[in-house]
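Note: the block below is final.cif and it holds mmCIF, C-alpha atoms.
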data_coords
loop_
_atom_site.label_atom_id
_atom_site.label_comp_id
_atom_site.auth_asym_id
_atom_site.auth_seq_id
_atom_site.Cartn_x
_atom_site.Cartn_y
_atom_site.Cartn_z
CA MET A 869 7.53 -29.22 13.56
CA ASP A 870 6.57 -30.45 10.07
CA LYS A 871 3.21 -31.71 11.24
CA ASN A 872 2.47 -28.54 13.16
CA ILE A 873 3.30 -26.37 10.19
CA ASN A 874 1.10 -28.38 7.86
CA LYS A 875 -1.69 -28.20 10.40
CA LEU A 876 -1.39 -24.42 10.69
CA ILE A 877 -1.35 -24.06 6.92
CA ASP A 878 -4.32 -26.39 6.42
CA LYS A 879 -6.30 -24.43 8.98
CA LYS A 880 -5.09 -21.14 7.49
CA GLN A 881 -3.84 -19.97 10.87
CA TRP A 882 -1.45 -17.47 9.40
CA GLU A 883 -1.01 -15.39 12.53
CA TYR A 884 0.15 -18.41 14.50
CA LEU A 885 2.37 -19.51 11.65
CA VAL A 886 4.34 -16.27 11.58
CA MET A 887 4.46 -16.09 15.38
CA LYS A 888 5.46 -19.68 16.09
CA CYS A 889 7.57 -20.72 13.09
CA LEU A 890 10.53 -19.45 11.17
CA PRO A 891 10.51 -19.07 7.38
CA VAL A 892 13.21 -21.74 7.21
CA ASN A 893 10.87 -24.21 8.99
CA VAL A 894 8.23 -23.59 6.32
CA ALA A 895 10.82 -24.02 3.56
CA ASP A 896 11.95 -27.30 5.17
CA SER A 897 8.41 -28.65 5.37
CA LEU A 898 7.05 -27.77 1.94
CA SER A 899 7.93 -28.07 -1.72
CA PHE A 900 8.88 -24.95 -3.70
CA TYR A 901 5.41 -24.50 -5.13
CA ASP A 902 3.58 -25.15 -1.87
CA ALA A 903 5.86 -22.70 -0.07
CA MET A 904 5.13 -20.10 -2.78
CA ARG A 905 1.44 -20.64 -2.09
CA VAL A 906 2.10 -19.83 1.55
CA VAL A 907 3.79 -16.62 0.42
CA ASP A 908 0.70 -15.80 -1.61
CA ASP A 909 -1.63 -16.54 1.31
CA LEU A 910 0.44 -14.49 3.74
CA THR A 911 0.70 -11.46 1.48
CA LYS A 912 -3.04 -11.57 0.89
CA GLN A 913 -3.76 -12.04 4.57
CA SER A 914 -1.64 -8.97 5.34
CA THR A 915 -4.24 -6.82 3.59
CA GLU A 916 -7.28 -8.35 5.28
CA SER A 917 -9.00 -7.26 8.47
CA PRO A 918 -8.07 -7.48 11.28
CA VAL A 919 -4.41 -7.75 10.24
CA TRP A 920 -4.49 -4.74 7.90
CA GLY A 921 -3.63 -1.61 9.85
CA THR A 922 -1.55 -3.39 12.48
CA GLU A 923 2.15 -4.21 12.79
CA LEU A 924 1.25 -7.81 12.07
CA ALA A 925 0.67 -6.84 8.41
CA ASP A 926 4.32 -5.81 8.07
CA PHE A 927 5.39 -8.86 10.06
CA MET A 928 3.57 -11.19 7.64
CA ARG A 929 5.08 -9.43 4.63
CA ASP A 930 8.53 -9.60 6.18
CA PHE A 931 8.04 -13.31 6.81
CA SER A 932 6.97 -13.80 3.16
CA VAL A 933 10.01 -11.93 1.90
CA ASN A 934 12.36 -14.00 4.08
CA LEU A 935 10.66 -17.19 2.93
CA MET A 936 11.09 -16.19 -0.71
CA ILE A 937 14.78 -15.40 -0.13
CA ILE A 938 15.26 -18.92 1.28
CA LEU A 939 13.37 -20.47 -1.65
CA ARG A 940 15.45 -18.44 -4.09
CA ALA A 941 18.65 -19.85 -2.60
CA ARG A 942 17.37 -23.39 -2.18
CA TYR A 943 15.61 -23.88 -5.52
CA PRO A 944 17.66 -21.83 -8.02
CA LYS A 945 16.36 -23.85 -10.99
CA GLU A 946 12.66 -23.44 -10.16
CA TRP A 947 13.22 -19.84 -9.16
CA SER A 948 14.98 -18.79 -12.35
CA GLN A 949 12.46 -20.54 -14.59
CA ASP A 950 10.17 -17.55 -14.16
CA TRP A 951 11.66 -14.02 -14.22
CA LYS A 952 8.58 -12.76 -12.40
CA ASN A 953 9.67 -14.52 -9.17
CA GLU A 954 12.56 -12.08 -8.79
CA VAL A 955 10.38 -9.03 -9.46
CA PHE A 956 7.64 -10.28 -7.14
CA LEU A 957 10.21 -10.64 -4.38
CA GLY A 958 11.51 -7.14 -5.10
CA ILE A 959 8.03 -5.62 -5.03
CA TRP A 960 7.20 -7.20 -1.66
CA CYS A 961 10.59 -6.04 -0.29
CA GLY A 962 9.55 -2.53 -1.33
CA LEU A 963 6.18 -2.93 0.38
CA VAL A 964 7.87 -3.76 3.69
CA TYR A 965 10.45 -0.94 3.77
CA ARG A 966 13.31 -3.05 2.40
CA GLU A 967 14.01 -0.61 -0.40
CA GLU A 968 17.67 -1.45 -1.07
CA GLU A 969 16.84 -5.14 -1.51
CA ALA A 970 13.82 -4.24 -3.66
CA PHE A 971 16.05 -2.31 -6.01
CA VAL A 972 18.64 -5.10 -6.24
CA TYR A 973 16.11 -7.84 -7.07
CA ILE A 974 14.15 -5.81 -9.60
CA LYS A 975 17.37 -4.56 -11.20
CA ASN A 976 18.54 -8.19 -11.52
CA ALA A 977 15.38 -9.09 -13.40
CA TYR A 978 15.52 -5.93 -15.51
CA GLU A 979 19.10 -6.51 -16.60
CA LYS A 980 18.44 -10.11 -17.57
CA LYS A 981 15.67 -9.19 -20.00
CA ASP A 982 16.68 -8.19 -23.50
CA ASP A 983 13.40 -6.43 -24.09
CA PRO A 984 11.85 -5.71 -20.69
CA PRO A 985 8.06 -5.34 -20.72
CA GLN A 986 6.41 -2.14 -19.55
CA SER A 987 5.45 -3.64 -16.19
CA LEU A 988 9.09 -4.45 -15.44
CA ILE A 989 10.33 -1.02 -16.56
CA LEU A 990 7.80 0.68 -14.28
CA ALA A 991 8.60 -1.66 -11.37
CA TYR A 992 12.32 -0.86 -11.84
CA LEU A 993 11.52 2.84 -11.90
CA GLY A 994 9.37 2.45 -8.78
CA SER A 995 12.05 0.58 -6.88
CA GLY A 996 14.38 3.54 -7.39
CA ASN A 997 11.82 6.07 -6.19
CA THR A 998 13.24 6.47 -2.68
CA CYS A 999 14.64 9.37 -0.70
CA ASP A 1000 18.15 8.41 -1.80
CA SER A 1001 17.25 7.43 -5.35
CA PRO A 1002 19.92 5.53 -7.27
CA PHE A 1003 18.69 7.04 -10.56
CA SER A 1004 19.76 10.32 -12.07
CA LYS A 1005 17.05 12.47 -13.61
CA GLU A 1006 18.24 11.45 -17.09
CA GLU A 1007 17.98 7.75 -16.23
CA ARG A 1008 14.47 8.23 -14.91
CA CYS A 1009 13.44 10.13 -18.05
CA SER A 1010 14.83 7.42 -20.31
CA LEU A 1011 13.02 4.69 -18.32
CA VAL A 1012 9.72 6.55 -18.54
CA ASP A 1013 10.27 7.08 -22.28
CA ALA A 1014 10.96 3.37 -22.71
CA ALA A 1015 7.78 2.54 -20.76
CA ILE A 1016 5.54 4.84 -22.77
CA LYS A 1017 6.91 3.42 -26.02
CA LYS A 1018 5.37 0.10 -24.97
CA GLY A 1019 1.95 1.73 -24.87
CA ILE A 1020 -0.15 4.32 -23.09
CA THR A 1021 -1.66 2.86 -19.95
CA TYR A 1022 -2.92 4.54 -16.79
CA GLU A 1023 0.35 3.80 -15.01
CA SER A 1024 2.73 4.79 -17.82
CA ALA A 1025 0.83 8.02 -18.54
CA LEU A 1026 0.98 8.97 -14.84
CA ALA A 1027 4.74 8.41 -14.87
CA MET A 1028 5.04 10.69 -17.91
CA ALA A 1029 2.89 13.34 -16.19
CA SER A 1030 5.13 13.19 -13.12
CA ILE A 1031 8.32 13.70 -15.15
CA ALA A 1032 6.76 16.55 -17.13
CA ARG A 1033 5.63 18.23 -13.88
CA GLU A 1034 9.12 17.90 -12.46
CA GLU A 1035 10.59 19.53 -15.54
CA LEU A 1036 8.07 22.37 -15.23
CA ARG A 1037 6.33 21.46 -18.47
CA GLY A 1038 2.88 22.16 -17.04
CA ASP A 1039 0.83 21.79 -20.24
CA GLU A 1040 2.45 18.49 -21.08
CA ALA A 1041 1.92 17.23 -17.53
CA GLU A 1042 -1.77 18.13 -17.81
CA MET A 1043 -2.03 16.36 -21.17
CA TRP A 1044 -0.53 13.15 -19.75
CA ALA A 1045 -2.76 13.37 -16.70
CA ILE A 1046 -5.79 13.53 -19.02
CA LYS A 1047 -4.46 10.56 -21.00
CA ALA A 1048 -4.02 8.67 -17.75
CA GLU A 1049 -7.63 9.33 -16.78
CA GLU A 1050 -8.82 8.21 -20.23
CA ALA A 1051 -6.81 5.02 -19.95
CA LYS A 1052 -8.25 4.37 -16.50
CA LYS A 1053 -11.77 4.98 -17.80
CA ASN A 1054 -11.18 2.51 -20.62
CA GLY A 1055 -9.58 -0.03 -18.28
CA VAL A 1056 -6.15 0.17 -19.91
CA HIS A 1057 -3.64 -0.77 -17.22
CA THR A 1058 -0.08 -2.06 -17.17
CA PRO A 1059 -0.16 -5.81 -16.53
CA ILE A 1060 0.44 -6.98 -12.96
CA ILE A 1061 3.54 -9.04 -12.24
CA VAL A 1062 2.62 -12.28 -10.49
CA PRO A 1063 4.70 -15.48 -10.74
CA ASP A 1064 3.11 -18.15 -12.95
CA SER A 1065 2.94 -20.48 -9.95
CA LEU A 1066 0.55 -18.11 -8.17
CA LYS A 1067 -1.69 -17.07 -11.03
CA GLU A 1068 -4.14 -19.88 -10.51
CA ALA A 1069 -4.84 -18.85 -6.93
CA SER A 1070 -5.11 -15.18 -7.80
CA GLN A 1071 -8.08 -13.03 -8.61
CA LEU A 1072 -7.75 -9.94 -10.71
CA ASP A 1073 -10.21 -7.20 -11.56
CA ASP A 1074 -11.48 -7.25 -15.14
CA ASP A 1075 -9.46 -4.15 -16.04
CA TYR A 1076 -6.15 -5.78 -15.11
CA LYS A 1077 -4.15 -8.54 -16.77
CA TYR A 1078 -1.21 -10.61 -15.68
CA GLU A 1079 2.19 -10.11 -17.19
CA ASN A 1080 3.22 -13.11 -19.31
CA MET B 956 -31.82 6.49 10.60
CA GLN B 957 -30.00 9.63 9.58
CA GLY B 958 -32.71 11.73 11.22
CA VAL B 959 -32.55 9.79 14.45
CA LEU B 960 -28.80 10.16 14.70
CA GLY B 961 -29.05 13.86 14.01
CA PHE B 962 -30.95 14.49 17.27
CA LEU B 963 -28.43 12.75 19.49
CA ASP B 964 -25.44 14.28 21.22
CA ARG B 965 -21.97 12.94 20.41
CA GLY B 966 -21.80 10.39 23.20
CA HIS B 967 -25.20 8.95 22.46
CA GLU B 968 -24.56 9.04 18.73
CA GLY B 969 -21.42 7.01 19.18
CA LYS B 970 -23.25 4.42 21.26
CA LYS B 971 -26.10 4.19 18.77
CA ILE B 972 -23.70 3.79 15.85
CA GLY B 973 -21.94 1.00 17.70
CA TYR B 974 -25.24 -0.65 18.60
CA ILE B 975 -26.51 -0.54 15.02
CA ILE B 976 -23.25 -1.89 13.62
CA GLY B 977 -23.17 -4.61 16.24
CA LYS B 978 -26.73 -5.62 15.49
CA TYR B 979 -27.10 -5.15 11.73
CA GLY B 980 -23.53 -4.88 10.42
CA ILE B 981 -21.83 -2.03 8.65
CA SER B 982 -24.11 -2.32 5.60
CA ALA B 983 -26.89 -0.73 7.69
CA PHE B 984 -25.12 2.57 7.01
CA TYR B 985 -24.84 2.14 3.29
CA CYS B 986 -28.00 4.10 2.56
CA ILE B 987 -26.61 7.10 4.44
CA THR B 988 -23.12 6.92 3.10
CA VAL B 989 -23.98 6.61 -0.58
CA ILE B 990 -25.49 10.09 -0.30
CA ARG B 991 -22.24 11.47 1.09
CA GLY B 992 -19.92 9.42 -1.09
CA VAL B 993 -18.39 5.97 -1.11
CA SER B 994 -15.27 7.13 0.72
CA LEU B 995 -17.35 7.82 3.82
CA TYR B 996 -18.58 4.26 3.74
CA SER B 997 -15.01 3.01 3.47
CA GLN B 998 -13.99 5.24 6.37
CA LEU B 999 -16.84 3.92 8.44
CA ARG B 1000 -15.87 0.38 7.61
CA ARG B 1001 -12.26 0.96 8.46
CA ALA B 1002 -12.85 2.88 11.64
CA ASN B 1003 -15.43 0.59 13.13
CA MET B 1004 -14.89 -2.85 11.74
CA MET B 1005 -11.33 -2.99 12.92
CA GLN B 1006 -12.02 -2.08 16.50
CA ILE B 1007 -15.40 -3.64 16.95
CA LEU B 1008 -14.74 -6.98 15.30
CA GLU B 1009 -11.33 -7.30 16.85
CA CYS B 1010 -12.83 -6.87 20.28
CA CYS B 1011 -15.97 -8.89 19.65
CA SER B 1012 -13.92 -11.83 18.43
CA LEU B 1013 -12.47 -12.11 21.91
CA LYS B 1014 -15.85 -12.20 23.61
CA LYS B 1015 -18.81 -14.55 23.58
CA GLY B 1016 -21.54 -13.80 21.05
CA ALA B 1017 -24.04 -12.56 23.65
CA ARG B 1018 -21.78 -9.69 24.61
CA ILE B 1019 -21.30 -8.37 21.10
CA LEU B 1020 -23.76 -5.49 21.44
CA GLU B 1021 -22.40 -4.41 24.79
CA GLU B 1022 -18.83 -4.52 23.54
CA SER B 1023 -19.60 -2.74 20.28
CA SER B 1024 -21.30 0.10 22.18
CA ARG B 1025 -18.25 0.46 24.40
CA TYR B 1026 -15.86 0.70 21.50
CA ALA B 1027 -18.13 2.83 19.34
CA SER B 1028 -17.62 5.93 21.45
CA ARG B 1029 -13.90 5.65 20.72
CA SER B 1030 -14.27 4.86 17.03
CA SER B 1031 -16.87 7.57 16.47
CA ARG B 1032 -14.14 10.09 17.26
CA VAL B 1033 -12.29 8.77 14.23
CA LEU B 1034 -15.43 9.27 12.17
CA LYS B 1035 -15.51 12.93 13.14
CA LYS B 1036 -12.14 13.48 11.50
CA PRO B 1037 -12.50 15.45 8.29
CA PHE B 1038 -12.58 12.90 5.51
CA LYS B 1039 -11.08 14.89 2.71
CA TYR B 1040 -7.31 14.67 2.39
CA SER B 1041 -6.86 13.34 5.91
CA VAL B 1042 -3.65 11.37 6.30
CA VAL B 1043 -4.02 8.11 8.17
CA PRO B 1044 -0.90 6.03 8.87
CA HIS B 1045 -1.06 2.42 7.75
CA ASN B 1046 0.16 1.02 11.05
CA PRO B 1047 2.41 1.90 14.02
CA ASN B 1048 5.53 0.95 12.05
CA VAL B 1049 5.06 3.98 9.82
CA ALA B 1050 6.21 6.60 12.34
CA PRO B 1051 9.83 5.42 12.81
CA HIS B 1052 10.24 5.07 9.04
CA VAL B 1053 8.88 8.51 8.29
CA LEU B 1054 11.11 10.08 10.95
CA LEU B 1055 14.37 8.57 9.67
CA LYS B 1056 17.16 11.14 9.68
CA LYS B 1057 17.69 10.79 5.92
CA HIS B 1058 14.09 11.90 5.38
CA ASN B 1059 15.10 15.47 6.16
CA TRP B 1060 12.01 16.61 8.07
CA GLU B 1061 14.13 18.84 10.29
CA LYS B 1062 14.82 21.01 7.24
CA ILE B 1063 11.24 22.24 7.18
CA LEU B 1064 9.70 21.38 10.58
CA PRO B 1065 10.82 22.24 14.12
CA LEU B 1066 11.21 18.65 15.31
CA THR B 1067 11.42 18.07 19.05
CA GLY B 1068 13.15 14.67 19.12
CA LYS B 1069 10.04 13.03 20.63
CA SER B 1070 8.79 10.64 18.01
CA ASP B 1071 5.08 10.79 18.91
CA LYS B 1072 5.00 14.55 18.81
CA ASP B 1073 7.16 14.78 15.69
CA PHE B 1074 5.10 12.24 13.79
CA LYS B 1075 1.89 14.11 14.60
CA MET B 1076 3.59 17.25 13.35
CA VAL B 1077 4.52 15.57 10.06
CA VAL B 1078 1.00 14.17 9.59
CA ARG B 1079 -0.54 17.56 10.31
CA PHE B 1080 1.85 19.13 7.83
CA LEU B 1081 0.95 16.59 5.13
CA GLU B 1082 -2.72 17.35 5.71
CA GLU B 1083 -2.13 21.09 5.61
CA ILE B 1084 -0.39 20.96 2.25
CA GLU B 1085 -3.13 18.55 1.09
CA ILE B 1086 -0.63 16.02 -0.17
CA LEU B 1087 -3.43 13.70 -1.22
CA ARG B 1088 -4.63 16.27 -3.74
CA ALA B 1089 -1.43 15.83 -5.74
CA LYS B 1090 -1.72 13.61 -8.79
CA PRO B 1091 -0.27 10.29 -7.71
CA THR B 1092 2.02 7.96 -9.61
CA THR B 1093 2.01 4.22 -9.11
CA LYS B 1094 5.17 2.91 -7.47
CA PHE B 1095 4.19 -0.74 -7.17
CA SER B 1096 1.10 -2.60 -8.30
CA THR B 1097 0.20 -6.02 -7.04
CA GLU B 1098 -3.11 -7.76 -7.45
CA ILE B 1099 -4.19 -6.79 -3.93
CA ILE B 1100 -2.41 -3.61 -3.06
CA GLN B 1101 -0.90 -0.59 -4.75
CA THR B 1102 1.69 1.88 -3.54
CA LEU B 1103 0.95 5.39 -4.73
CA VAL B 1104 3.40 8.28 -4.58
CA CYS B 1105 2.17 11.87 -4.14
CA GLU B 1106 4.55 14.80 -4.52
CA LYS B 1107 4.06 18.46 -3.66
CA ASP B 1108 6.21 21.53 -4.09
CA PHE B 1109 7.27 23.28 -0.90
CA GLY B 1110 9.71 26.12 -1.55
CA ASN B 1111 13.10 24.63 -2.36
CA TYR B 1112 11.91 21.14 -1.45
CA MET B 1113 9.63 18.44 -2.76
CA ILE B 1114 7.46 16.66 -0.22
CA VAL B 1115 7.02 13.02 -1.17
CA ALA B 1116 4.53 10.68 0.49
CA GLU B 1117 3.82 7.04 -0.24
CA PHE B 1118 0.42 5.54 0.39
CA ASP B 1119 -0.69 1.93 0.42
CA MET B 1120 -4.10 1.39 -1.09
CA LYS B 1121 -6.30 -1.65 -1.32
CA LYS B 1122 -9.08 -2.05 -3.83
CA LEU B 1123 -11.95 0.39 -3.11
CA SER B 1124 -10.23 1.58 -0.01
CA LEU B 1125 -8.65 4.79 1.19
CA PRO B 1126 -4.93 5.45 0.87
CA PHE B 1127 -2.94 4.87 4.05
CA LEU B 1128 0.35 6.62 4.71
CA LYS B 1129 3.32 4.28 4.38
CA ASP B 1130 6.31 6.60 4.21
CA ALA B 1131 7.17 10.24 3.57
CA TRP B 1132 10.26 12.36 3.11
CA VAL B 1133 11.58 15.73 2.05
CA LYS B 1134 13.87 16.00 -0.94
CA PRO B 1135 15.74 19.05 -2.16
CA LYS B 1136 14.66 20.21 -5.58
CA VAL B 1137 17.17 19.67 -8.33
CA PRO B 1138 17.19 22.77 -10.50
CA TYR B 1139 15.92 21.94 -13.98
CA ILE B 1140 18.11 23.03 -16.84
CA ASN B 1141 16.30 23.25 -20.14
CA LYS B 1142 18.68 21.78 -22.69
CA LYS B 1143 16.66 22.95 -25.70
#

What do you get writing this file as structure tokens?
Amino acid sequence: MDKNINKLIDKKQWEYLVMKCLPVNVADSLSFYDAMRVVDDLTKQSTESPVWGTELADFMRDFSVNLMIILRARYPKEWSQDWKNEVFLGIWCGLVYREEEAFVYIKNAYEKKDDPPQSLILAYLGSGNTCDSPFSKEERCSLVDAAIKKGITYESALAMASIAREELRGDEAEMWAIKAEEAKKNGVHTPIIVPDSLKEASQLDDDYKYEN
Amino acid sequence: MQGVLGFLDRGHEGKKIGYIIGKYGISAFYCITVIRGVSLYSQLRRANMMQILECCSLKKGARILEESSRYASRSSRVLKKPFKYSVVPHNPNVAPHVLLKKHNWEKILPLTGKSDKDFKMVVRFLEEIEILRAKPTTKFSTEIIQTLVCEKDFGNYMIVAEFDMKKLSLPFLKDAWVKPKVPYINKK
């Protein structure tokens, strides 16, 4: 099995990998960092043609999430060295309809940080934006306030506009929407949360930065 | 090229589009689509590349043109769909998620219990209220994909729809639900 998995990974045969192997087989065959690279490759592959737009995209994401959950349990030291691992896992849970898990992982990371950065506050807020939201309106308002205090970015200004719209403060909503557009025009975005171990293999647009 | 296509009926137009894409690639249409907007180009890419390349990859190279013509008549129907504010599901997994009981669609739509029919009804409804015109918020941002949330007022309810979006691509429906409005009490 080990040899086959390495072969599939070397040849970047991701479809076969998720069809023929289990996440635990991948975790058995690779080191923590190599397995995280597989997660990165699979999540990227899920947005490429011809996978994008098919059920296979969700299948690959689900496989990545399950692989990360195994790595989290098997390598607690490596995992906890970087708080972004937990948030990354939560975000990909959210992207594959595993909302309850997404909320738990991102909340874990949020509660461990004394001074959570804006990207984490917004990810926490996002993870609670479901049909049965765990946040009260007051909690959501205080999270958005905390995010905007860290700076006006496209993403934080849009969150403010949304809250203002909900509270029927139309003028204020419009003002924040304009600020969001200005921030977008000037390339001011909230940093993207990617684990340190995957930053090397990643490519970001000029307007975006990685969270530290 | 635009002139030539204009003279053809739908069936022939579809075949020609497929033939041109098969022979020259999707970029052959760039000159037409930049006039009508980048989103049209993205639509064209999405509609055709998926079907044509997927099918061509299964066949020998010599049959590419034949195969692309065959599939073009099907994909050209997608191209006829109005581009503005059209709601396209990300993949077949979307329907069962959207139709979950807790998503409350039965409160505003006469659901039949048949998932195909009900999902079409929901998509049509989202297009009718032009959900994509609502100012979106960002739910999740990764380096490759973003989840955007659009909300629209509908009487005593808020209609919420999530869309997955790649760089320079169109938003694809990921999930949607109905939530009752919580009355706002001004504390000031």

A:Met1028, A:Val964, A:Ser1065, A:Pro1059 ranked by distance to Gln949 (chain A), top pick (using all atoms listed in the file):
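Among A:Met1028, A:Val964, A:Ser1065, A:Pro1059, it is A:Ser1065 that comes nearest to Gln949 (chain A).
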
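For chain A, the residues close to chain B, meaning within 7 Å and counting all atoms listed in the file, are A:Lys912, A:Ser917, A:Pro918, A:Gly921, A:Thr922, A:Glu923, A:Ile959, A:Ala991, A:Gly994, A:Cys999, A:Glu1023, A:Leu1026, A:Ala1027, A:Glu1035, A:Ile1060, A:Ile1061, A:Leu1072.
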
The PyMOL selection byres ((chain A and resi 968-985) around 6) on the file shown: which residues, as a ChimeraX atom specification?
/A:954-955,958,961-962,966-967,986-988,992,995

Please produce a file of the residues just selected, as a PDB file, in the coordinates of the input, where the atoms kept are C-alpha atoms.
ATOM      1  CA  GLU A 954      12.560 -12.080  -8.790  1.00  0.00           C
ATOM      2  CA  VAL A 955      10.380  -9.030  -9.460  1.00  0.00           C
ATOM      3  CA  GLY A 958      11.510  -7.140  -5.100  1.00  0.00           C
ATOM      4  CA  CYS A 961      10.590  -6.040  -0.290  1.00  0.00           C
ATOM      5  CA  GLY A 962       9.550  -2.530  -1.330  1.00  0.00           C
ATOM      6  CA  ARG A 966      13.310  -3.050   2.400  1.00  0.00           C
ATOM      7  CA  GLU A 967      14.010  -0.610  -0.400  1.00  0.00           C
ATOM      8  CA  GLN A 986       6.410  -2.140 -19.550  1.00  0.00           C
ATOM      9  CA  SER A 987       5.450  -3.640 -16.190  1.00  0.00           C
ATOM     10  CA  LEU A 988       9.090  -4.450 -15.440  1.00  0.00           C
ATOM     11  CA  TYR A 992      12.320  -0.860 -11.840  1.00  0.00           C
ATOM     12  CA  SER A 995      12.050   0.580  -6.880  1.00  0.00           C
TER      13      SER A 995
END

For the file shown, what are the residues hit by the PyMOL selection byres ((chain A and resi 890) around 12), laid out as JSON, numbers by chain?
{"A": [869, 870, 873, 884, 885, 886, 887, 888, 889, 891, 892, 893, 894, 895, 896, 897, 927, 928, 930, 931, 932, 933, 934, 935, 938]}

May I ask for the distance between CA of Glu1079 (chain A) and CA of Lys1067 (chain A), given in Å to one decimal place?
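Separation between CA of Glu1079 (chain A) and CA of Lys1067 (chain A): 10.1 Å.
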
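Ranking B:Val1042, B:Lys1056, B:Lys1062, B:Arg1088 by their shortest atom-to-atom distance to Lys1075 (chain B), with only C-alpha atoms included, puts B:Val1042 first.
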
Just say which residues the PyMOL selection byres ((chain A and resi 1004-1019) around 8) picks in this file, as a tab-separated table (two decimals) with C-alpha atoms, in the frame of the given file.
chain	number	residue	atom	x	y	z
A	985	PRO	CA	8.06	-5.34	-20.72
A	986	GLN	CA	6.41	-2.14	-19.55
A	989	ILE	CA	10.33	-1.02	-16.56
A	990	LEU	CA	7.80	0.68	-14.28
A	993	LEU	CA	11.52	2.84	-11.90
A	1001	SER	CA	17.25	7.43	-5.35
A	1002	PRO	CA	19.92	5.53	-7.27
A	1003	PHE	CA	18.69	7.04	-10.56
A	1020	ILE	CA	-0.15	4.32	-23.09
A	1021	THR	CA	-1.66	2.86	-19.95
A	1024	SER	CA	2.73	4.79	-17.82
A	1025	ALA	CA	0.83	8.02	-18.54
A	1027	ALA	CA	4.74	8.41	-14.87
A	1028	MET	CA	5.04	10.69	-17.91
A	1031	ILE	CA	8.32	13.70	-15.15

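Atom pair CA of Thr998 (chain A) / CA of Tyr1076 (chain A) has a distance of 26.1 Å (rounded to one decimal).
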
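Taking CA of Trp1060 (chain B) and CA of Ala1032 (chain A) as the two end points, the separation is 25.7 Å.
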
Around all the atoms of region 1039-1050 of chain B listed in the file, with 3 Å of room on each side, what axis-aligned box do you get, giving centre and edge lengths in Å to one decimal, as lines of an AutoDock Vina configuration file?
center_x = -2.4
center_y = 7.9
center_z = 8.2
size_x = 23.3
size_y = 19.9
size_z = 17.6

Would you fill out region 887-898 of chain A with N, CA and C atoms and return it as a PDB file, keeping the file's coordinate frame?
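For reference, result-v7.pdb as written:
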ATOM      1  N   MET A 887       4.019 -16.297  13.989  1.00  0.00           N
ATOM      2  CA  MET A 887       4.460 -16.090  15.380  1.00  0.00           C
ATOM      3  C   MET A 887       5.289 -17.276  15.887  1.00  0.00           C
ATOM      4  N   LYS A 888       4.863 -18.473  15.489  1.00  0.00           N
ATOM      5  CA  LYS A 888       5.460 -19.680  16.090  1.00  0.00           C
ATOM      6  C   LYS A 888       6.580 -20.301  15.262  1.00  0.00           C
ATOM      7  N   CYS A 889       6.586 -20.033  13.956  1.00  0.00           N
ATOM      8  CA  CYS A 889       7.570 -20.720  13.090  1.00  0.00           C
ATOM      9  C   CYS A 889       8.516 -19.712  12.445  1.00  0.00           C
ATOM     10  N   LEU A 890       9.590 -20.262  11.935  1.00  0.00           N
ATOM     11  CA  LEU A 890      10.530 -19.450  11.170  1.00  0.00           C
ATOM     12  C   LEU A 890      10.320 -19.752   9.685  1.00  0.00           C
ATOM     13  N   PRO A 891      10.645 -18.794   8.822  1.00  0.00           N
ATOM     14  CA  PRO A 891      10.510 -19.070   7.380  1.00  0.00           C
ATOM     15  C   PRO A 891      11.267 -20.333   6.962  1.00  0.00           C
ATOM     16  N   VAL A 892      12.419 -20.562   7.586  1.00  0.00           N
ATOM     17  CA  VAL A 892      13.210 -21.740   7.210  1.00  0.00           C
ATOM     18  C   VAL A 892      12.465 -23.036   7.566  1.00  0.00           C
ATOM     19  N   ASN A 893      11.675 -23.030   8.640  1.00  0.00           N
ATOM     20  CA  ASN A 893      10.870 -24.210   8.990  1.00  0.00           C
ATOM     21  C   ASN A 893       9.848 -24.487   7.895  1.00  0.00           C
ATOM     22  N   VAL A 894       9.243 -23.423   7.386  1.00  0.00           N
ATOM     23  CA  VAL A 894       8.230 -23.590   6.320  1.00  0.00           C
ATOM     24  C   VAL A 894       8.916 -24.131   5.061  1.00  0.00           C
ATOM     25  N   ALA A 895      10.080 -23.558   4.748  1.00  0.00           N
ATOM     26  CA  ALA A 895      10.820 -24.020   3.560  1.00  0.00           C
ATOM     27  C   ALA A 895      11.236 -25.480   3.698  1.00  0.00           C
ATOM     28  N   ASP A 896      11.564 -25.891   4.931  1.00  0.00           N
ATOM     29  CA  ASP A 896      11.950 -27.300   5.170  1.00  0.00           C
ATOM     30  C   ASP A 896      10.770 -28.242   4.996  1.00  0.00           C
ATOM     31  N   SER A 897       9.583 -27.767   5.335  1.00  0.00           N
ATOM     32  CA  SER A 897       8.410 -28.650   5.370  1.00  0.00           C
ATOM     33  C   SER A 897       7.682 -28.772   4.049  1.00  0.00           C
ATOM     34  N   LEU A 898       7.870 -27.804   3.157  1.00  0.00           N
ATOM     35  CA  LEU A 898       7.050 -27.770   1.940  1.00  0.00           C
ATOM     36  C   LEU A 898       7.907 -27.782   0.684  1.00  0.00           C
TER      37      LEU A 898
END
